[in-house]
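The file data_22.tsv comes next; it holds TSV, C-alpha atoms.
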chain	number	residue	atom	x	y	z
D	478	MET	CA	-25.15	11.48	-8.34
D	479	SER	CA	-24.57	10.26	-4.84
D	480	THR	CA	-23.59	12.60	-2.05
D	481	PHE	CA	-19.95	12.72	-1.12
D	482	LYS	CA	-19.30	11.68	2.47
D	483	PHE	CA	-15.94	12.55	3.95
D	484	GLU	CA	-16.40	10.71	7.24
D	485	LEU	CA	-14.31	7.57	7.49
D	486	ASN	CA	-11.18	7.38	9.62
D	487	ARG	CA	-8.12	6.61	7.48
D	488	GLU	CA	-6.31	4.85	10.29
D	489	VAL	CA	-9.21	2.44	10.69
D	490	VAL	CA	-10.25	1.81	7.10
D	491	ILE	CA	-6.94	1.52	5.23
D	492	PRO	CA	-5.91	-1.60	7.20
D	493	GLN	CA	-9.35	-3.05	6.40
D	494	LEU	CA	-8.86	-2.43	2.69
D	495	VAL	CA	-5.38	-3.97	2.79
D	496	PRO	CA	-5.52	-6.78	5.32
D	497	ASN	CA	-2.31	-8.37	4.04
D	498	PRO	CA	0.09	-5.48	3.40
D	499	SER	CA	3.11	-7.78	3.07
D	500	ASP	CA	1.53	-9.30	-0.07
D	501	TYR	CA	2.21	-6.06	-1.98
D	502	LEU	CA	5.01	-3.95	-3.30
D	503	MET	CA	3.77	-0.53	-2.28
D	504	ILE	CA	4.31	3.01	-3.52
D	505	ALA	CA	2.92	5.90	-1.52
D	506	GLY	CA	2.50	9.54	-2.34
D	507	LEU	CA	3.69	12.28	-0.08
D	508	GLY	CA	2.21	13.49	3.18
D	509	GLY	CA	-0.72	11.60	4.63
D	510	THR	CA	-0.48	8.53	2.43
D	511	ALA	CA	3.21	8.12	3.25
D	512	ARG	CA	2.28	8.08	6.92
D	513	ASP	CA	-0.68	5.73	6.28
D	514	THR	CA	1.49	3.17	4.51
D	515	THR	CA	4.41	3.49	6.92
D	516	ARG	CA	1.97	2.59	9.67
D	517	LEU	CA	0.30	-0.11	7.56
D	518	THR	CA	3.57	-1.88	6.73
D	519	ASN	CA	5.35	-1.06	9.97
D	520	ALA	CA	7.87	0.85	7.82
D	521	GLY	CA	8.36	-2.26	5.71
D	522	SER	CA	11.00	-2.81	3.05
D	523	ASN	CA	8.15	-3.44	0.57
D	524	LEU	CA	7.24	0.26	0.73
D	525	TYR	CA	8.62	3.24	-1.19
D	526	THR	CA	7.25	6.59	-0.03
D	527	LEU	CA	7.58	9.96	-1.71
D	528	GLY	CA	8.28	13.17	0.17
D	529	GLY	CA	8.11	15.36	-2.93
D	530	ALA	CA	8.02	14.90	-6.70
D	531	MET	CA	4.27	15.32	-6.36
D	532	GLY	CA	2.39	13.40	-9.04
D	533	ALA	CA	4.86	10.54	-9.37
D	534	ALA	CA	3.22	7.83	-7.25
D	535	ALA	CA	0.88	6.30	-9.84
D	536	SER	CA	3.41	6.26	-12.68
D	537	MET	CA	6.01	4.81	-10.34
D	538	GLY	CA	3.57	2.05	-9.48
D	539	LEU	CA	3.02	1.45	-13.18
D	540	GLY	CA	6.75	1.08	-13.83
D	541	LEU	CA	7.08	-1.30	-10.91
D	542	ALA	CA	4.04	-3.34	-11.98
D	543	LEU	CA	5.40	-3.73	-15.53
D	544	ALA	CA	8.85	-4.65	-14.21
D	545	ARG	CA	7.48	-7.21	-11.76
D	546	PRO	CA	4.47	-9.04	-13.19
D	547	ASP	CA	5.11	-11.72	-10.54
D	548	LYS	CA	4.23	-9.29	-7.72
D	549	LYS	CA	1.12	-7.37	-6.79
D	550	VAL	CA	1.74	-3.61	-6.70
D	551	LEU	CA	-0.34	-1.17	-4.67
D	552	VAL	CA	-0.22	2.62	-5.05
D	553	VAL	CA	-1.65	4.66	-2.18
D	554	THR	CA	-1.96	8.30	-3.14
D	555	GLY	CA	-3.91	11.37	-2.11
D	556	ASP	CA	-6.54	13.32	-4.03
D	557	GLY	CA	-4.22	16.31	-4.47
D	558	GLU	CA	-1.43	14.20	-5.88
D	559	LEU	CA	-3.66	12.26	-8.24
D	560	LEU	CA	-5.28	15.47	-9.50
D	561	MET	CA	-1.80	16.58	-10.51
D	562	SER	CA	-1.31	13.61	-12.83
D	563	LEU	CA	-4.76	12.50	-13.98
D	564	GLY	CA	-3.32	11.43	-17.32
D	565	THR	CA	-1.58	8.57	-15.58
D	566	LEU	CA	-4.98	6.96	-15.01
D	567	ALA	CA	-5.41	6.92	-18.80
D	568	THR	CA	-1.93	5.46	-19.31
D	569	ILE	CA	-2.62	2.74	-16.74
D	570	ALA	CA	-6.05	1.96	-18.18
D	571	VAL	CA	-4.65	1.51	-21.69
D	572	LEU	CA	-2.04	-1.00	-20.49
D	573	ASN	CA	-4.24	-2.52	-17.77
D	574	PRO	CA	-1.49	-4.36	-15.88
D	575	PRO	CA	-3.41	-6.94	-13.82
D	576	ASN	CA	-1.05	-6.65	-10.85
D	577	LEU	CA	-1.61	-2.94	-10.21
D	578	SER	CA	-4.12	-1.46	-7.78
D	579	ILE	CA	-4.54	2.13	-6.69
D	580	ILE	CA	-6.14	3.48	-3.56
D	581	CYS	CA	-6.81	7.19	-3.68
D	582	VAL	CA	-7.19	8.47	-0.14
D	583	ASP	CA	-9.48	11.45	-0.64
D	584	ASN	CA	-10.16	13.91	2.16
D	585	GLY	CA	-11.21	16.67	-0.21
D	586	HIS	CA	-8.35	18.86	0.98
D	587	TYR	CA	-4.68	19.67	0.58
D	588	GLY	CA	-3.71	18.58	4.08
D	589	GLU	CA	0.00	19.24	3.94
D	590	THR	CA	-0.36	22.88	3.02
D	591	GLY	CA	-2.98	23.85	5.56
D	592	TYR	CA	-6.18	22.03	4.52
D	593	GLN	CA	-7.22	24.16	1.61
D	594	VAL	CA	-10.21	22.54	-0.09
D	595	SER	CA	-9.23	20.48	-3.15
D	596	HIS	CA	-11.19	19.91	-6.36
D	597	THR	CA	-12.63	16.70	-4.94
D	598	GLY	CA	-14.02	18.75	-2.07
D	599	ARG	CA	-15.78	20.84	-4.71
D	600	GLY	CA	-17.46	17.99	-6.52
D	601	VAL	CA	-14.83	16.29	-8.66
D	602	ASN	CA	-15.34	12.53	-8.54
D	603	LEU	CA	-12.08	10.68	-9.08
D	604	GLU	CA	-13.75	7.28	-9.36
D	605	GLU	CA	-15.78	8.56	-12.30
D	606	ILE	CA	-12.60	9.95	-13.84
D	607	ALA	CA	-10.93	6.55	-13.40
D	608	ILE	CA	-13.95	4.89	-15.05
D	609	GLY	CA	-13.84	7.42	-17.86
D	610	ALA	CA	-10.15	6.75	-18.32
D	611	GLY	CA	-11.04	3.11	-18.85
D	612	ILE	CA	-10.05	1.48	-15.57
D	613	LYS	CA	-12.25	-1.59	-15.57
D	614	VAL	CA	-12.56	-2.39	-11.88
D	615	THR	CA	-13.32	0.48	-9.51
D	616	ALA	CA	-15.10	1.24	-6.26
D	617	THR	CA	-15.87	4.10	-3.94
D	618	VAL	CA	-15.65	3.53	-0.22
D	619	GLN	CA	-17.22	6.28	1.86
D	620	ASP	CA	-19.08	4.35	4.54
D	621	ASP	CA	-18.55	1.14	6.47
D	622	SER	CA	-20.95	-0.86	4.30
D	623	GLN	CA	-18.62	-0.38	1.29
D	624	VAL	CA	-15.39	-1.49	2.92
D	625	ALA	CA	-15.67	-5.21	2.14
D	626	ASN	CA	-16.26	-4.53	-1.55
D	627	GLY	CA	-13.39	-2.03	-1.53
D	628	ALA	CA	-11.06	-4.68	-0.14
D	629	LYS	CA	-12.14	-7.03	-2.95
D	630	VAL	CA	-11.37	-4.40	-5.57
D	631	VAL	CA	-7.93	-3.75	-4.06
D	632	ALA	CA	-7.20	-7.49	-4.19
D	633	HIS	CA	-8.50	-7.89	-7.75
D	634	ASP	CA	-5.75	-9.38	-9.88
D	635	LYS	CA	-7.21	-9.71	-13.38
D	636	ASP	CA	-7.11	-6.01	-14.26
D	637	SER	CA	-5.76	-2.80	-12.85
D	638	SER	CA	-8.13	-1.59	-10.17
D	639	PHE	CA	-8.96	1.68	-8.46
D	640	VAL	CA	-10.53	2.43	-5.10
D	641	LEU	CA	-11.58	5.91	-4.10
D	642	LEU	CA	-11.54	6.08	-0.31
D	643	ARG	CA	-13.28	9.15	1.08
D	644	ILE	CA	-12.10	9.98	4.57
D	645	SER	CA	-12.49	12.75	7.11
D	646	THR	CA	-9.89	15.47	7.46
D	647	LYS	CA	-8.80	13.98	10.79
D	648	GLU	CA	-5.03	13.72	10.50
D	649	SER	CA	-3.37	10.41	11.04
D	650	SER	CA	-1.29	10.27	14.19
D	651	PRO	CA	2.37	11.19	13.80
D	652	ILE	CA	4.77	8.47	12.74
D	653	LYS	CA	8.46	8.62	11.89
D	654	ARG	CA	9.10	7.83	8.24
D	655	ASN	CA	12.10	7.60	6.02
D	656	LEU	CA	12.57	10.79	4.00
D	657	ASN	CA	15.87	9.63	2.53
D	658	ALA	CA	14.87	8.67	-1.01
D	659	ALA	CA	18.16	6.94	-1.79
D	660	ASP	CA	18.11	4.95	1.42
D	661	CYS	CA	14.51	3.94	0.70
D	662	ARG	CA	15.49	2.81	-2.79
D	663	ILE	CA	18.36	0.68	-1.55
D	664	ILE	CA	16.25	-0.95	1.19
D	665	PHE	CA	13.41	-1.67	-1.23
D	666	ARG	CA	15.67	-3.14	-3.93
D	667	LYS	CA	17.68	-5.21	-1.50
D	668	ALA	CA	14.54	-6.79	-0.06
D	669	LEU	CA	13.11	-7.47	-3.53
D	670	LEU	CA	16.18	-8.29	-5.59
D	671	GLY	CA	18.67	-9.53	-2.98
S	1396	MET	CA	28.19	-3.37	-29.34
S	1397	ASN	CA	29.99	-4.16	-32.58
S	1398	LYS	CA	27.09	-4.21	-34.96
S	1399	THR	CA	27.65	-1.62	-37.66
S	1400	VAL	CA	24.98	-2.54	-40.19
S	1401	GLY	CA	21.72	-0.68	-40.64
S	1402	THR	CA	20.78	2.92	-40.08
S	1403	TRP	CA	21.70	4.58	-36.80
S	1404	GLN	CA	18.09	4.26	-35.74
S	1405	GLU	CA	18.23	0.49	-36.30
S	1406	GLN	CA	21.55	0.22	-34.52
S	1407	LEU	CA	20.16	2.24	-31.63
S	1408	TRP	CA	17.29	-0.20	-31.15
S	1409	ASP	CA	19.72	-3.14	-31.22
S	1410	LEU	CA	21.99	-1.43	-28.70
S	1411	LEU	CA	19.18	-0.75	-26.23
S	1412	ARG	CA	17.88	-4.30	-26.50
S	1413	GLN	CA	21.36	-5.80	-26.12
S	1414	ASN	CA	21.61	-3.77	-22.93
S	1415	GLU	CA	18.33	-5.27	-21.70
S	1416	VAL	CA	16.24	-2.14	-21.80
S	1417	GLU	CA	12.75	-3.59	-21.47
S	1418	ILE	CA	10.47	-0.65	-20.84
S	1419	PHE	CA	10.15	2.16	-23.38
S	1420	GLY	CA	8.18	5.16	-22.16
S	1421	TYR	CA	7.42	7.79	-24.77
S	1422	VAL	CA	5.32	10.68	-25.88
S	1423	PRO	CA	4.88	10.22	-29.64
S	1424	ASP	CA	7.59	12.00	-31.61
S	1425	ALA	CA	8.73	11.85	-35.23
S	1426	GLY	CA	12.40	11.71	-34.26
S	1427	HIS	CA	11.83	8.62	-32.12
S	1428	LYS	CA	9.54	6.93	-34.64
S	1429	HIS	CA	11.76	3.92	-35.29
S	1430	LEU	CA	12.34	3.09	-31.63
S	1431	ILE	CA	8.67	3.56	-30.81
S	1432	ASN	CA	7.54	1.32	-33.67
S	1433	GLN	CA	10.08	-1.34	-32.74
S	1434	ALA	CA	8.96	-1.23	-29.11
S	1435	ILE	CA	5.31	-1.60	-30.16
S	1436	ALA	CA	6.18	-4.54	-32.43
S	1437	ASP	CA	8.38	-6.41	-29.95
S	1438	PRO	CA	6.37	-8.57	-27.53
S	1439	LYS	CA	9.40	-8.86	-25.24
S	1440	VAL	CA	9.30	-5.18	-24.27
S	1441	HIS	CA	6.72	-2.82	-22.83
S	1442	ASP	CA	5.88	0.19	-24.96
S	1443	VAL	CA	4.27	2.78	-22.72
S	1444	SER	CA	2.59	5.68	-24.44
S	1445	LEU	CA	2.50	8.50	-21.90
S	1446	THR	CA	0.08	11.41	-21.72
S	1447	ASN	CA	2.81	13.61	-20.27
S	1448	GLU	CA	6.56	13.23	-19.96
S	1449	MET	CA	6.39	13.54	-16.17
S	1450	GLU	CA	4.85	10.06	-16.11
S	1451	GLY	CA	8.03	8.81	-17.72
S	1452	ILE	CA	10.10	9.77	-14.69
S	1453	GLY	CA	7.89	7.73	-12.36
S	1454	LEU	CA	7.81	4.90	-14.88
S	1455	CYS	CA	11.61	4.67	-15.11
S	1456	CYS	CA	12.11	4.93	-11.34
S	1457	GLY	CA	9.43	2.32	-10.66
S	1458	ALA	CA	11.09	-0.01	-13.16
S	1459	ASN	CA	14.40	0.44	-11.33
S	1460	LEU	CA	12.77	-0.49	-8.03
S	1461	GLY	CA	11.67	-3.70	-9.74
S	1462	GLY	CA	15.14	-4.39	-11.14
S	1463	LYS	CA	14.44	-3.55	-14.78
S	1464	LYS	CA	15.90	-1.00	-17.17
S	1465	ALA	CA	13.69	1.61	-18.78
S	1466	VAL	CA	14.29	4.51	-21.12
S	1467	LEU	CA	12.27	7.68	-21.62
S	1468	LEU	CA	11.95	8.93	-25.21
S	1469	MET	CA	10.85	12.54	-25.46
S	1470	GLN	CA	11.18	15.78	-27.34
S	1471	SER	CA	12.96	18.79	-25.87
S	1472	SER	CA	9.62	20.50	-25.22
S	1473	GLY	CA	8.69	17.56	-23.00
S	1474	VAL	CA	11.74	18.05	-20.81
S	1475	GLY	CA	9.98	21.05	-19.30
S	1476	ASN	CA	7.20	18.79	-18.08
S	1477	THR	CA	9.60	16.60	-16.11
S	1478	ILE	CA	11.54	19.10	-14.03
S	1479	ASN	CA	10.13	18.72	-10.51
S	1480	LEU	CA	9.78	14.96	-10.98
S	1481	LEU	CA	13.53	14.81	-11.53
S	1482	SER	CA	13.74	15.48	-7.76
S	1483	LEU	CA	12.92	11.81	-7.38
S	1484	VAL	CA	15.76	10.79	-9.70
S	1485	LYS	CA	18.25	13.08	-8.01
S	1486	LEU	CA	17.37	12.50	-4.38
S	1487	GLY	CA	16.86	8.76	-4.85
S	1488	ASN	CA	20.07	8.30	-6.85
S	1489	PHE	CA	18.05	6.50	-9.48
S	1490	PRO	CA	19.88	5.46	-12.63
S	1491	PHE	CA	18.02	7.25	-15.40
S	1492	LEU	CA	18.38	7.36	-19.17
S	1493	THR	CA	16.46	9.58	-21.54
S	1494	LEU	CA	16.88	10.15	-25.26
S	1495	VAL	CA	15.76	13.64	-26.20
S	1496	THR	CA	15.07	14.74	-29.76
S	1497	MET	CA	15.87	18.42	-29.96
S	1498	ARG	CA	13.71	21.19	-31.35
S	1499	GLY	CA	14.39	24.91	-31.33
S	1500	ASN	CA	17.91	24.02	-32.25
S	1501	PHE	CA	19.87	23.71	-35.53
S	1502	GLY	CA	17.79	25.18	-38.37
S	1503	GLU	CA	14.46	25.26	-36.54
S	1504	GLY	CA	11.70	27.03	-38.46
S	1505	ASN	CA	9.03	27.16	-35.75
S	1506	PRO	CA	9.72	30.00	-33.31
S	1507	TRP	CA	7.57	28.36	-30.62
S	1508	GLN	CA	10.20	25.63	-30.24
S	1509	PHE	CA	13.02	27.95	-29.25
S	1510	PRO	CA	12.28	28.84	-25.62
S	1511	MET	CA	12.23	25.25	-24.36
S	1512	GLY	CA	14.65	23.94	-26.96
S	1513	GLN	CA	17.31	26.46	-26.00
S	1514	GLY	CA	16.59	25.89	-22.30
S	1515	THR	CA	16.59	22.10	-22.41
S	1516	GLN	CA	20.21	21.39	-21.55
S	1517	ALA	CA	20.40	24.05	-18.84
S	1518	ALA	CA	17.17	22.82	-17.25
S	1519	LEU	CA	18.31	19.20	-17.24
S	1520	GLU	CA	21.72	20.10	-15.87
S	1521	ALA	CA	20.13	22.25	-13.16
S	1522	MET	CA	18.36	19.09	-11.96
S	1523	GLY	CA	21.52	17.00	-12.00
S	1524	VAL	CA	21.08	15.25	-15.36
S	1525	ILE	CA	24.28	14.82	-17.39
S	1526	CYS	CA	23.72	15.89	-21.00
S	1527	LEU	CA	25.46	14.31	-23.97
S	1528	PRO	CA	24.58	16.12	-27.23
S	1529	VAL	CA	24.97	14.23	-30.51
S	1530	TRP	CA	25.60	16.16	-33.72
S	1531	THR	CA	26.56	13.43	-36.20
S	1532	GLU	CA	25.36	9.96	-37.18
S	1533	GLU	CA	28.73	8.43	-36.31
S	1534	ASP	CA	28.42	9.63	-32.73
S	1535	VAL	CA	24.96	8.22	-31.98
S	1536	ILE	CA	25.92	4.69	-31.03
S	1537	PRO	CA	29.13	5.51	-29.10
S	1538	THR	CA	27.27	8.22	-27.19
S	1539	VAL	CA	24.30	6.06	-26.25
S	1540	GLU	CA	26.69	3.25	-25.29
S	1541	ALA	CA	28.49	5.70	-23.01
S	1542	ALA	CA	25.17	6.92	-21.62
S	1543	LEU	CA	24.02	3.35	-20.86
S	1544	THR	CA	27.23	2.75	-18.90
S	1545	MET	CA	27.02	6.06	-17.06
S	1546	ALA	CA	23.37	5.47	-16.15
S	1547	PHE	CA	23.07	1.77	-15.41
S	1548	LYS	CA	26.61	0.93	-14.27
S	1549	SER	CA	27.49	4.17	-12.50
S	1550	GLY	CA	23.99	5.12	-11.34
S	1551	ASN	CA	23.74	8.54	-12.97
S	1552	ALA	CA	20.94	10.42	-14.64
S	1553	VAL	CA	21.89	10.91	-18.29
S	1554	ALA	CA	20.20	12.58	-21.25
S	1555	VAL	CA	21.37	12.01	-24.81
S	1556	LEU	CA	20.36	15.07	-26.82
S	1557	LEU	CA	19.76	14.16	-30.46
S	1558	THR	CA	20.25	17.53	-32.15
S	1559	GLN	CA	18.49	18.83	-35.23
S	1560	ARG	CA	21.87	18.77	-37.00
S	1561	LEU	CA	21.50	14.98	-36.69
S	1562	ILE	CA	17.77	14.39	-37.10
S	1563	GLY	CA	17.05	17.31	-39.43
S	1564	ALA	CA	14.77	20.28	-38.95
S	1565	LYS	CA	11.10	19.87	-39.78
S	1566	GLU	CA	10.06	22.21	-42.59
S	1567	PHE	CA	7.72	25.12	-41.86

Before we go any further, please render this structure as structure tokens.
Amino acid sequence: MSTFKFELNREVVIPQLVPNPSDYLMIAGLGGTARDTTRLTNAGSNLYTLGGAMGAAASMGLGLALARPDKKVLVVTGDGELLMSLGTLATIAVLNPPNLSIICVDNGHYGETGYQVSHTGRGVNLEEIAIGAGIKVTATVQDDSQVANGAKVVAHDKDSSFVLLRISTKESSPIKRNLNAADCRIIFRKALLG
Amino acid sequence: MNKTVGTWQEQLWDLLRQNEVEIFGYVPDAGHKHLINQAIADPKVHDVSLTNEMEGIGLCCGANLGGKKAVLLMQSSGVGNTINLLSLVKLGNFPFLTLVTMRGNFGEGNPWQFPMGQGTQAALEAMGVICLPVWTEEDVIPTVEAALTMAFKSGNAVAVLLTQRLIGAKEF
């Protein structure tokens, strides 16, 4: 088994994995990934971020992907959140919606609660779990040489896909984000549905 | 909904489809067998077998973001798995409809079903979900019709509780 490297800078690599953020409907988990995607989309109306309801991001992306087969859906979630709802990987794999991609931003820690080490920091490999669940197209990105392939996997549109992005514990810089879930819903739906 | 032929289970499927419910999330359950089998057989809808009821909350909310109607089919024991995820429904003002088959209720013979079964309505109500219990066959369709209106026209979270008086208690 390869060594885990938690070295990449999330603020640098996420934009490289998603060079065209406006091409996606995006769901983000809470904490770091909400900040990552707010920055990535410039707080776009194609983004719905969670501030709680931990564990909901991937299943929300699934519902959105099934509802909108005409759009590409991207879920950006953290290792802690995904660990809370691993079964969703199995549910997604069974249905395999081709328009759904997941990026798990894995720093091996629970950042929001004070950087306690998470299971992935103790050896749990979420890409292997995704493969075991049956997700057909996956990648791990933990150094610069893997970024181009990671971007390809994110853009894959024939199957659901999963990218495990290992990053350092360096926090992303502060950014104001919308914590009003109802407001976020209205903005998102208005932009998508008119 | 004027159709009065067929069993209540058949009428329930017709009602949900006439109301353009297109995504059926479920954890397998004997009480929901007809709806689940219909959803699997109908290529016009998505049947989504969930590993855990909490996925159903995300599924339904994601569907709403995409402009589609979803329903979550679960057993009362599964309600306990959804509680914190209902924060999303409540805070986001998401329209939400769930049909809950009750256990630990009228004539239950398995003591393990009582704690969650007896707590189901209180737990849902504590998270802002309006509960509509159904005790008789005649009330199924009018109640689900009402629930569809309350959820998808008025934007509420609504649970229809299909009691064991209606669906029968499993023998133990």

Output as a Markdown table one row per residue of chain D within 9 Å of chain S: the closest atom pair and its distance in Å to one decimal place, counting only C-alpha atoms, sorted by chain and residue number ascending.
| residue | atom | partner | partner_atom | distance |
| --- | --- | --- | --- | --- |
| D:Ile504 | CA | S:Gly1457 | CA | 8.8 |
| D:Tyr525 | CA | S:Leu1460 | CA | 8.8 |
| D:Leu527 | CA | S:Leu1483 | CA | 8.0 |
| D:Gly528 | CA | S:Leu1483 | CA | 9.0 |
| D:Gly529 | CA | S:Ser1482 | CA | 7.4 |
| D:Ala530 | CA | S:Leu1480 | CA | 4.6 |
| D:Met531 | CA | S:Leu1480 | CA | 7.2 |
| D:Gly532 | CA | S:Leu1480 | CA | 7.8 |
| D:Ala533 | CA | S:Gly1453 | CA | 5.1 |
| D:Ala534 | CA | S:Gly1453 | CA | 6.9 |
| D:Ala535 | CA | S:Gly1453 | CA | 7.6 |
| D:Ser536 | CA | S:Gly1453 | CA | 4.7 |
| D:Met537 | CA | S:Gly1453 | CA | 4.0 |
| D:Gly538 | CA | S:Gly1457 | CA | 6.0 |
| D:Leu539 | CA | S:Leu1454 | CA | 6.1 |
| D:Gly540 | CA | S:Leu1454 | CA | 4.1 |
| D:Leu541 | CA | S:Gly1457 | CA | 4.3 |
| D:Ala542 | CA | S:Ala1458 | CA | 7.9 |
| D:Leu543 | CA | S:Ala1458 | CA | 7.2 |
| D:Ala544 | CA | S:Ala1458 | CA | 5.3 |
| D:Arg545 | CA | S:Gly1461 | CA | 5.8 |
| D:Ser562 | CA | S:Glu1450 | CA | 7.8 |
| D:Gly564 | CA | S:Thr1446 | CA | 5.6 |
| D:Thr565 | CA | S:Glu1450 | CA | 6.6 |
| D:Ala567 | CA | S:Thr1446 | CA | 7.7 |
| D:Thr568 | CA | S:Leu1445 | CA | 6.0 |
| D:Val571 | CA | S:Ser1444 | CA | 8.8 |
| D:Leu572 | CA | S:Val1443 | CA | 7.7 |
| D:Asn657 | CA | S:Gly1487 | CA | 7.5 |
| D:Ala658 | CA | S:Gly1487 | CA | 4.3 |
| D:Ala659 | CA | S:Gly1487 | CA | 3.8 |
| D:Asp660 | CA | S:Gly1487 | CA | 7.4 |
| D:Cys661 | CA | S:Gly1487 | CA | 7.7 |
| D:Arg662 | CA | S:Gly1487 | CA | 6.4 |
| D:Ile663 | CA | S:Leu1460 | CA | 8.6 |
| D:Phe665 | CA | S:Leu1460 | CA | 6.9 |
| D:Arg666 | CA | S:Leu1460 | CA | 5.7 |
| D:Leu669 | CA | S:Gly1461 | CA | 7.4 |
| D:Leu670 | CA | S:Gly1462 | CA | 6.9 |

Build an axis-aligned box that encloses every atom of stretch 1506-1516 of chain S listed in the file, pad it by 4 Å on each side, and report its centre and edge lengths in Å to one decimal, as JSON.
{"center_x": 13.9, "center_y": 25.7, "center_z": -27.4, "size_x": 20.6, "size_y": 16.6, "size_z": 19.8}

Worksheet item: If you count all atoms listed in the file, which residues fall within 6 Å of stretch 1499-1505 of chain S, apart from same-chain ones fewer than 4 positions away, as a PyMOL selection string?
Response: chain S and resi 1509+1512+1559-1560+1564+1567

Practice prompt. Enter the distance from atom CA of S:Leu1410 to atom CA of S:Ala1546, in Å, rounded to one decimal.
Written response: 14.4 Å

Worksheet entry | 9 Å contact set for D:Thr646, only C-alpha atoms, chain neighbours under 6 positions out, as an NGL selection string | :D and (483-484 or 486 or 584-586 or 588 or 592)

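We find atom CA of S:Ile1435 and atom CA of S:Pro1490 to be spaced 23.9 Å apart.
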
Fill in: Selected residue of minimal separation from S:Val1495 among S:Leu1527, S:Met1469, S:Ala1436, S:Val1416, counting only C-alpha atoms
S:Met1469

Discussion item. So that I can check the surroundings of stretch 598-601 of chain D, please list as a list in words every protein, DNA and RNA residue that reaches within 10 Å of it, counting only C-alpha atoms and ignoring chain neighbours fewer than 2 positions away.
Written reply: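 Selected residues are Thr480, Phe481, Lys482, Phe483, Asp556, Leu560, Asp583, Asn584, Gly585, His586, Tyr587, Gln593, Val594, Ser595, His596, Leu603, Glu604, Glu605 and Ile606 of chain D.
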
Item to complete: Rounded to one decimal place, report the atom CA of S:Pro1510-atom CA of S:Lys1565 distance in Å.
Response: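 So the answer is 16.8 Å.
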
Discussion item. From (19.5, 11.4, -19.0), in the file's coordinates, out to 10 Å: which residues are reached, counting all atoms listed in the file? Answer as a count of residues only.
Written reply: 25

Write out as a JSON list (two decimals) with C-alpha atoms, in the coordinates of the input the residues lying within 7 Å of D:Ile612, counting only C-alpha atoms and excluding same-chain residues fewer than 5 positions away.
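Writing done, so here's around33.json:
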[["chain", "number", "residue", "atom", "x", "y", "z"],
["D", 570, "ALA", "CA", -6.05, 1.96, -18.18],
["D", 607, "ALA", "CA", -10.93, 6.55, -13.40],
["D", 637, "SER", "CA", -5.76, -2.80, -12.85],
["D", 638, "SER", "CA", -8.13, -1.59, -10.17]]

Worksheet entry | Residue among D:Val490, D:Ile569, D:Leu524, D:Met503 lying closest to D:Gly611, counting only C-alpha atoms |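 Of all the options, D:Ile569 lies closest to D:Gly611.
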
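The residue that comes closest to S:Leu1468, out of S:Lys1548, S:Lys1428, S:Arg1498, S:Lys1439 and on the basis of all atoms listed in the file, is S:Lys1428.
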
Worksheet item: Skipping near chain neighbours, those fewer than 3 positions away, what residues fall within 12 Å of D:Arg487 using only C-alpha atoms, listed as a PyMOL selection string?
Response: chain D and resi 483-484+490-495+509-510+512-514+516-517+553+555+580-584+618-621+624+642-650
